[in-house]
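Report on the following structure.
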Amino acid sequence: MAATVEHDVSESRFEVYLDGQLAGYADYFERNGARDFHHTVTYPQFRGQGLAAVVVKAALDDTKTSGLAVIPSCSYVEKYIAENPSYAELV
């Protein structure tokens, strides 16, 4: 199964798809040069496949490329950054 991530700018979220089906997302608010990631969701039928990590990694990579900082209000995003210290500079 192939996971892909899309940035839905109009909804201020990154969406993860598994074989074309929306499987979850990471929401954010953008302000003052930072993205405040406040909520990450994986739908129940897609849990246990590492999709939250896939969408958060893509979201952090895009945020870094965009030259923005990160506010990890979502506990999962905070945990992901703690476990992947290469993203700590974004906080």
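Every chain in the structure tokens has a letter given in the order shown (A, B, ...), and although residue numbers restart at 1 in each chain, ligands are simply numbered from 1 in the order shown.
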Item to check | Residues within 12 Å of A:Val9, only C-alpha atoms, excluding chain neighbours under 3 positions, as a PyMOL selection string | outcome: chain A and resi 6+12-15+26-30+35+59+62
Next on the checklist: Excluding stretch 77-84 of chain A and its own-chain neighbours fewer than 3 positions away, which residues fall within 9 Å of it when counting only C-alpha atoms? Please give them as a PyMOL selection string.
Outcome noted: chain A and resi 26+37-40+53+56-57+71-74+87-88+91
Checklist entry - Can you list every residue in chain A that DSSP puts in helix (DSSP H, G or I), as a ChimeraX atom specification? => result /A:9-11,44-46,51-65,75-83,85-90
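Atom CA of A:Thr4 sits 14.8 Å away from atom CA of A:Leu60.
Picture a line from atom CA of A:Ser86 to atom CA of A:Gly48; it runs 24.1 Å.
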Next on the checklist: Among chain A, which residues does DSSP mark as strand (DSSP E) when it is run on the backbone? Keep the chain and numbering as in the structure and answer as an MDAnalysis selection string.
Outcome noted: chainID A and resid 3:8 13:18 21:31 34:42 69:72
Checklist entry - Using only C-alpha atoms, which residue out of A:Ser10, A:Thr63, A:Gln45, A:Gln21 lies closest to A:Gly33? => result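 Distance minimum relative to A:Gly33 lands on A:Thr63.
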Checklist outcome for this item: Computed gap from atom CA of A:Tyr25 to atom CA of A:Thr42 is 6.7 Å
Checklist entry - Which of these, A:Val5, A:Ala34, A:Ala69, A:Leu18, has the shortest distance to A:Gln49 once you count only C-alpha atoms? => result A:Leu18
Checklist entry - With distances taken over only C-alpha atoms, which of A:Phe46, A:Val41, A:Leu90, A:Asn32 is nearest to A:Asp19? => result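 Distance minimum relative to A:Asp19 lands on A:Phe46.
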